[in-house]
Amino acid sequence: MLKLTDVASYYGNIQALKGVSLHIGQGEIVTLIGANGAGKTTTLMSISGVVQPKQGRIVFLGEDITRLSTERIVSLGITQVPEGRMIFPRLTVRENLLMGAYLRKDKAGIREDEEHAYTLFPVLRERRTQMGGTLSGGEQQMLAIGRALLARPKLLLLDEPSLGLAPLVVENIFEIIEQINKDGVTVLLVEQNAQMALQIAHRGYVLETGRVTLEGPASDLLNDPKVRSAYLGLD
Ligand code: ATP
């Protein structure tokens, strides 16, 4: 579904990605793990077109998207849930949700997807007239995911959905990510919480200073001695 080949991305003179290659199959949950600054966010930004790679190729459903605008990439079916959620604090929960559908014109489909978001996240229905800024961290994460679903993505890019949330809330969010995947959405999940991410993912990649250093089925990575000591704090 998505293939990155030798992608190199920069911020000015700083090279954040040094030739990243990875692939995601339809229906998978794939996780990217790695330390702070390894390039996980930059990988997502390069896919969604926020950062333009200087080198390499990104192909989505057979189309080269390396140089396309973010708007075009969203309309092809890739939506990113940014780190920090980026909720509009002075818009209501419902208005925030509907911002996700800003490129769509199919009113009935949008209505259907709004209902679906409320089914996945009942708390958003309860709070739909409340300002986004008044939600708890966990609720804001739910709203950010719900908003992304309003774009009806084929591939959902999630950047650190567990960041700053209490363990029970994280569990709930991860269950919902699995549910979204079962509903047919392919997921690329960036996480500091490698343990949780590898538990729901089918496959994973380890990034170190802008390079993929390890890849494989999530169960293999969970048992890999290097992953266990460096990213899981085990052994
Ligand atoms: P984190 O978990 O801390 O977000 P990450 O693995 O997502 O880490 P990136 O955010 O992709 O890492 O950062 C990769 C490299 O690019 C780091 O060295 C970082 O300092 C640098 N970098 C990221 N954003 C910028 C920016 N806007 N300007 C300059 N350098 C940046």
# chains A, B, ... in the order shown; residues from 1 in each chain; ligands from 1

$ closest_atom_pairs --of "range 61-167 of chain A" --to "range 29-42 of chain A" --cutoff "9 Å" --atoms "only C-alpha atoms" --output "CSV"
residue,atom,partner,partner_atom,distance
A:Pro82,CA,A:Thr41,CA,8.7
A:Glu83,CA,A:Thr41,CA,8.1
A:Asp159,CA,A:Thr41,CA,6.7
A:Glu160,CA,A:Thr41,CA,8.9

$ write_last_selection --atoms "all heavy atoms" --output "PDB file, in the first residue's frame"
ATOM      1  N   PRO A  82      -1.375  14.442  14.487  1.00  0.00           N
ATOM      2  CA  PRO A  82      -0.076  14.960  14.907  1.00  0.00           C
ATOM      3  C   PRO A  82       0.205  14.747  16.385  1.00  0.00           C
ATOM      4  O   PRO A  82      -0.721  14.634  17.189  1.00  0.00           O
ATOM      5  CB  PRO A  82      -0.167  16.448  14.589  1.00  0.00           C
ATOM      6  CG  PRO A  82      -1.618  16.764  14.634  1.00  0.00           C
ATOM      7  CD  PRO A  82      -2.340  15.515  14.211  1.00  0.00           C
ATOM      8  N   GLU A  83       1.491  14.711  16.704  1.00  0.00           N
ATOM      9  CA  GLU A  83       1.904  14.681  18.102  1.00  0.00           C
ATOM     10  C   GLU A  83       1.375  15.959  18.767  1.00  0.00           C
ATOM     11  O   GLU A  83       1.403  17.035  18.180  1.00  0.00           O
ATOM     12  CB  GLU A  83       3.437  14.652  18.150  1.00  0.00           C
ATOM     13  CG  GLU A  83       3.996  14.490  19.529  1.00  0.00           C
ATOM     14  CD  GLU A  83       5.522  14.343  19.518  1.00  0.00           C
ATOM     15  OE1 GLU A  83       6.110  14.045  18.457  1.00  0.00           O
ATOM     16  OE2 GLU A  83       6.117  14.536  20.582  1.00  0.00           O
ATOM     17  N   ASP A 159       0.964   9.807  15.547  1.00  0.00           N
ATOM     18  CA  ASP A 159       2.228  10.218  16.159  1.00  0.00           C
ATOM     19  C   ASP A 159       2.087  10.283  17.676  1.00  0.00           C
ATOM     20  O   ASP A 159       1.431  11.197  18.192  1.00  0.00           O
ATOM     21  CB  ASP A 159       2.673  11.575  15.596  1.00  0.00           C
ATOM     22  CG  ASP A 159       4.161  11.838  15.857  1.00  0.00           C
ATOM     23  OD1 ASP A 159       4.794  11.036  16.587  1.00  0.00           O
ATOM     24  OD2 ASP A 159       4.682  12.839  15.336  1.00  0.00           O
ATOM     25  N   GLU A 160       2.641   9.323  18.367  1.00  0.00           N
ATOM     26  CA  GLU A 160       2.671   9.290  19.836  1.00  0.00           C
ATOM     27  C   GLU A 160       1.299   9.463  20.489  1.00  0.00           C
ATOM     28  O   GLU A 160       1.131  10.361  21.334  1.00  0.00           O
ATOM     29  CB  GLU A 160       3.592  10.406  20.378  1.00  0.00           C
ATOM     30  CG  GLU A 160       4.988  10.380  19.827  1.00  0.00           C
ATOM     31  CD  GLU A 160       5.956   9.572  20.666  1.00  0.00           C
ATOM     32  OE1 GLU A 160       5.504   8.908  21.630  1.00  0.00           O
ATOM     33  OE2 GLU A 160       7.148   9.573  20.345  1.00  0.00           O
TER      34      GLU A 160
END

$ residues_around --residues "range 124-130 of chain A" --least-positions-apart "6" --cutoff "12 Å" --atoms "only C-alpha atoms" --output "list in words"
Phe88, Pro89, Arg90, Leu91, Thr92, Val93, Arg94, Glu95, Asn96, Leu97, Leu98, Glu114, Glu115, His116, Ala117, Tyr118, Ser136, Gly138, Glu139, Gln140, Gln141, Met142, Leu143, Ala144, Ile145, Gly146 and Arg147 of chain A

$ closest_residue --among "A:Asp64, A:Gly84, A:Gly100, A:Thr43" --to "ligand 1" --atoms "only C-alpha atoms and all ligand atoms"
A:Thr43

$ select_by_dssp --residues "range 116-208 of chain A" --states "alpha helix (DSSP H)" --output "CSV table (one decimal) with C-alpha atoms, in the first residue's frame"
chain,number,residue,atom,x,y,z
A,116,HIS,CA,-19.2,6.4,13.6
A,117,ALA,CA,-16.7,8.6,15.5
A,118,TYR,CA,-19.3,9.0,18.3
A,119,THR,CA,-19.8,5.2,18.4
A,120,LEU,CA,-16.0,4.7,18.7
A,122,PRO,CA,-19.0,7.9,23.2
A,123,VAL,CA,-17.5,10.6,25.3
A,124,LEU,CA,-17.2,12.8,22.2
A,125,ARG,CA,-20.9,12.6,21.7
A,126,GLU,CA,-21.6,13.6,25.3
A,137,GLY,CA,-5.7,15.0,27.5
A,138,GLY,CA,-7.1,11.5,26.7
A,139,GLU,CA,-10.3,13.1,25.4
A,140,GLN,CA,-8.3,15.4,23.2
A,141,GLN,CA,-6.4,12.4,21.8
A,142,MET,CA,-9.7,10.7,21.0
A,143,LEU,CA,-10.9,13.9,19.3
A,144,ALA,CA,-7.7,14.1,17.3
A,145,ILE,CA,-8.2,10.5,16.1
A,146,GLY,CA,-11.9,11.1,15.5
A,147,ARG,CA,-11.2,14.2,13.4
A,148,ALA,CA,-8.7,12.2,11.3
A,149,LEU,CA,-11.3,9.6,10.7
A,167,PRO,CA,-2.0,4.0,31.7
A,168,LEU,CA,-5.8,3.1,31.7
A,169,VAL,CA,-6.4,5.8,29.1
A,170,VAL,CA,-3.6,4.6,27.0
A,171,GLU,CA,-5.0,1.1,27.0
A,172,ASN,CA,-8.4,2.4,25.9
A,173,ILE,CA,-6.8,4.4,23.1
A,174,PHE,CA,-4.8,1.3,21.9
A,175,GLU,CA,-8.0,-0.9,21.9
A,176,ILE,CA,-9.7,1.7,19.7
A,177,ILE,CA,-6.7,1.8,17.3
A,178,GLU,CA,-7.1,-2.0,17.0
A,179,GLN,CA,-10.8,-1.5,16.4
A,180,ILE,CA,-10.2,1.1,13.7
A,181,ASN,CA,-7.7,-1.3,12.0
A,182,LYS,CA,-10.3,-4.1,12.1
A,194,ALA,CA,7.3,0.4,22.4
A,195,GLN,CA,5.8,-2.3,24.5
A,196,MET,CA,2.2,-1.3,23.9
A,197,ALA,CA,2.9,-0.5,20.2
A,198,LEU,CA,4.5,-3.9,19.5
A,199,GLN,CA,1.6,-5.6,21.3
A,200,ILE,CA,-1.0,-4.3,18.8

$ residues_around --residues "Val51 in chain A" --least-positions-apart "3" --cutoff "9 Å" --atoms "only C-alpha atoms" --output "list in words"
Ser9, Tyr10, Tyr11, Thr42, Thr43, Leu44, Met45, Ser46, Ile47 and Ser48 of chain A

$ write_last_selection --atoms "N, CA and C atoms" --output "short mmCIF file (atom, residue, chain, number, x, y, z; two decimals), in the first residue's frame"
data_model
loop_
_atom_site.label_atom_id
_atom_site.label_comp_id
_atom_site.auth_asym_id
_atom_site.auth_seq_id
_atom_site.Cartn_x
_atom_site.Cartn_y
_atom_site.Cartn_z
N SER A 9 15.43 13.28 4.38
CA SER A 9 14.77 14.57 4.64
C SER A 9 15.62 15.43 5.55
N TYR A 10 15.52 16.73 5.34
CA TYR A 10 16.36 17.70 6.06
C TYR A 10 15.51 18.78 6.69
N TYR A 11 16.02 19.38 7.78
CA TYR A 11 15.54 20.67 8.27
C TYR A 11 16.72 21.61 8.09
N THR A 42 9.63 12.79 11.68
CA THR A 42 10.02 13.26 10.34
C THR A 42 9.59 12.25 9.26
N THR A 43 9.61 10.98 9.61
CA THR A 43 9.14 9.96 8.65
C THR A 43 7.66 10.20 8.34
N LEU A 44 6.86 10.42 9.39
CA LEU A 44 5.43 10.69 9.17
C LEU A 44 5.23 11.97 8.37
N MET A 45 5.98 13.00 8.73
CA MET A 45 5.86 14.30 8.03
C MET A 45 6.25 14.17 6.56
N SER A 46 7.22 13.30 6.28
CA SER A 46 7.65 13.11 4.89
C SER A 46 6.56 12.40 4.10
N ILE A 47 5.88 11.45 4.75
CA ILE A 47 4.79 10.74 4.07
C ILE A 47 3.62 11.69 3.80
N SER A 48 3.29 12.52 4.80
CA SER A 48 2.10 13.38 4.65
C SER A 48 2.39 14.65 3.87
#

$ residues_around --residues "Ile24 in chain A" --least-positions-apart "4" --cutoff "8 Å" --atoms "only C-alpha atoms" --output "PyMOL selection string"
chain A and resi 1-3+28+30+188

$ closest_residue --among "A:Tyr102, A:Leu76, A:Val20, A:Lys226" --to "ligand 1" --atoms "only C-alpha atoms and all ligand atoms"
A:Val20

$ atom_distance --atom1 "CA of Val74 in chain A" --atom2 "CA of Leu103 in chain A"
8.4 Å

$ select_by_dssp --residues "range 72-167 of chain A" --states "strand (DSSP E or B)" --output "list of chain:residue names"
A:Ile78, A:Thr79, A:Gln80, A:Val81, A:Thr92, A:Met131, A:Leu155, A:Leu156, A:Leu157, A:Leu158, A:Asp159

$ decode --residues "range 55-143 of chain A" --atoms "C-alpha atoms" --output "tab-separated table (two decimals), in the first residue's frame"
chain	number	residue	atom	x	y	z
A	55	GLN	CA	16.00	12.18	-1.97
A	56	GLY	CA	14.10	8.93	-2.36
A	57	ARG	CA	10.59	7.94	-3.34
A	58	ILE	CA	7.28	7.48	-1.58
A	59	VAL	CA	4.64	5.48	-3.42
A	60	PHE	CA	1.07	5.13	-2.15
A	61	LEU	CA	-1.36	2.77	-3.91
A	62	GLY	CA	0.82	2.81	-7.01
A	63	GLU	CA	1.12	6.62	-7.17
A	64	ASP	CA	4.32	8.56	-6.55
A	65	ILE	CA	3.37	11.02	-3.77
A	66	THR	CA	6.92	12.23	-2.96
A	67	ARG	CA	6.36	15.75	-4.26
A	68	LEU	CA	2.62	16.12	-3.80
A	69	SER	CA	1.00	18.73	-1.53
A	70	THR	CA	-0.39	17.67	1.84
A	71	GLU	CA	-3.88	18.50	0.62
A	72	ARG	CA	-3.51	16.14	-2.33
A	73	ILE	CA	-2.04	13.44	-0.11
A	74	VAL	CA	-5.00	13.73	2.30
A	75	SER	CA	-7.40	13.48	-0.61
A	76	LEU	CA	-5.65	10.29	-1.77
A	77	GLY	CA	-6.38	8.72	1.64
A	78	ILE	CA	-3.55	9.45	4.08
A	79	THR	CA	-4.34	11.36	7.29
A	80	GLN	CA	-1.95	12.20	10.10
A	81	VAL	CA	-2.84	12.62	13.76
A	82	PRO	CA	-0.08	14.96	14.91
A	83	GLU	CA	1.90	14.68	18.10
A	84	GLY	CA	0.33	17.02	20.66
A	85	ARG	CA	-3.11	16.52	19.09
A	86	MET	CA	-3.51	20.10	17.78
A	87	ILE	CA	-7.13	20.47	18.85
A	88	PHE	CA	-8.72	23.84	18.12
A	89	PRO	CA	-9.40	24.96	21.72
A	90	ARG	CA	-12.08	27.52	20.87
A	91	LEU	CA	-14.08	25.32	18.55
A	92	THR	CA	-16.60	22.85	19.91
A	93	VAL	CA	-15.89	19.12	19.88
A	94	ARG	CA	-18.27	18.72	16.94
A	95	GLU	CA	-16.67	21.59	15.00
A	96	ASN	CA	-13.24	20.06	15.64
A	97	LEU	CA	-14.46	16.70	14.35
A	98	LEU	CA	-15.95	18.21	11.21
A	99	MET	CA	-12.68	20.03	10.42
A	100	GLY	CA	-11.40	16.58	9.48
A	101	ALA	CA	-13.88	16.51	6.60
A	102	TYR	CA	-12.91	19.88	5.14
A	103	LEU	CA	-11.92	18.42	1.77
A	104	ARG	CA	-15.11	16.36	1.42
A	105	LYS	CA	-18.41	17.30	-0.18
A	106	ASP	CA	-20.42	14.12	0.47
A	107	LYS	CA	-22.74	15.34	3.22
A	108	ALA	CA	-24.36	11.96	3.88
A	109	GLY	CA	-20.97	10.24	4.14
A	110	ILE	CA	-19.70	12.93	6.52
A	111	ARG	CA	-22.80	12.51	8.71
A	112	GLU	CA	-22.25	8.74	8.73
A	113	ASP	CA	-18.58	9.12	9.70
A	114	GLU	CA	-19.46	11.62	12.44
A	115	GLU	CA	-21.86	9.03	13.90
A	116	HIS	CA	-19.17	6.37	13.61
A	117	ALA	CA	-16.72	8.60	15.52
A	118	TYR	CA	-19.31	9.00	18.31
A	119	THR	CA	-19.78	5.23	18.40
A	120	LEU	CA	-16.03	4.68	18.75
A	121	PHE	CA	-15.69	7.50	21.29
A	122	PRO	CA	-18.99	7.88	23.20
A	123	VAL	CA	-17.46	10.63	25.34
A	124	LEU	CA	-17.20	12.84	22.23
A	125	ARG	CA	-20.95	12.58	21.70
A	126	GLU	CA	-21.57	13.61	25.31
A	127	ARG	CA	-19.19	16.53	24.93
A	128	ARG	CA	-20.00	17.57	21.40
A	129	THR	CA	-21.10	21.12	22.26
A	130	GLN	CA	-18.20	21.71	24.66
A	131	MET	CA	-15.06	23.64	23.65
A	132	GLY	CA	-12.19	21.43	22.51
A	133	GLY	CA	-9.82	23.16	24.92
A	134	THR	CA	-11.82	22.01	27.94
A	135	LEU	CA	-11.31	18.29	27.25
A	136	SER	CA	-8.85	16.15	29.21
A	137	GLY	CA	-5.66	14.96	27.49
A	138	GLY	CA	-7.14	11.54	26.75
A	139	GLU	CA	-10.34	13.05	25.38
A	140	GLN	CA	-8.32	15.41	23.18
A	141	GLN	CA	-6.41	12.43	21.79
A	142	MET	CA	-9.74	10.74	21.04
A	143	LEU	CA	-10.94	13.91	19.34
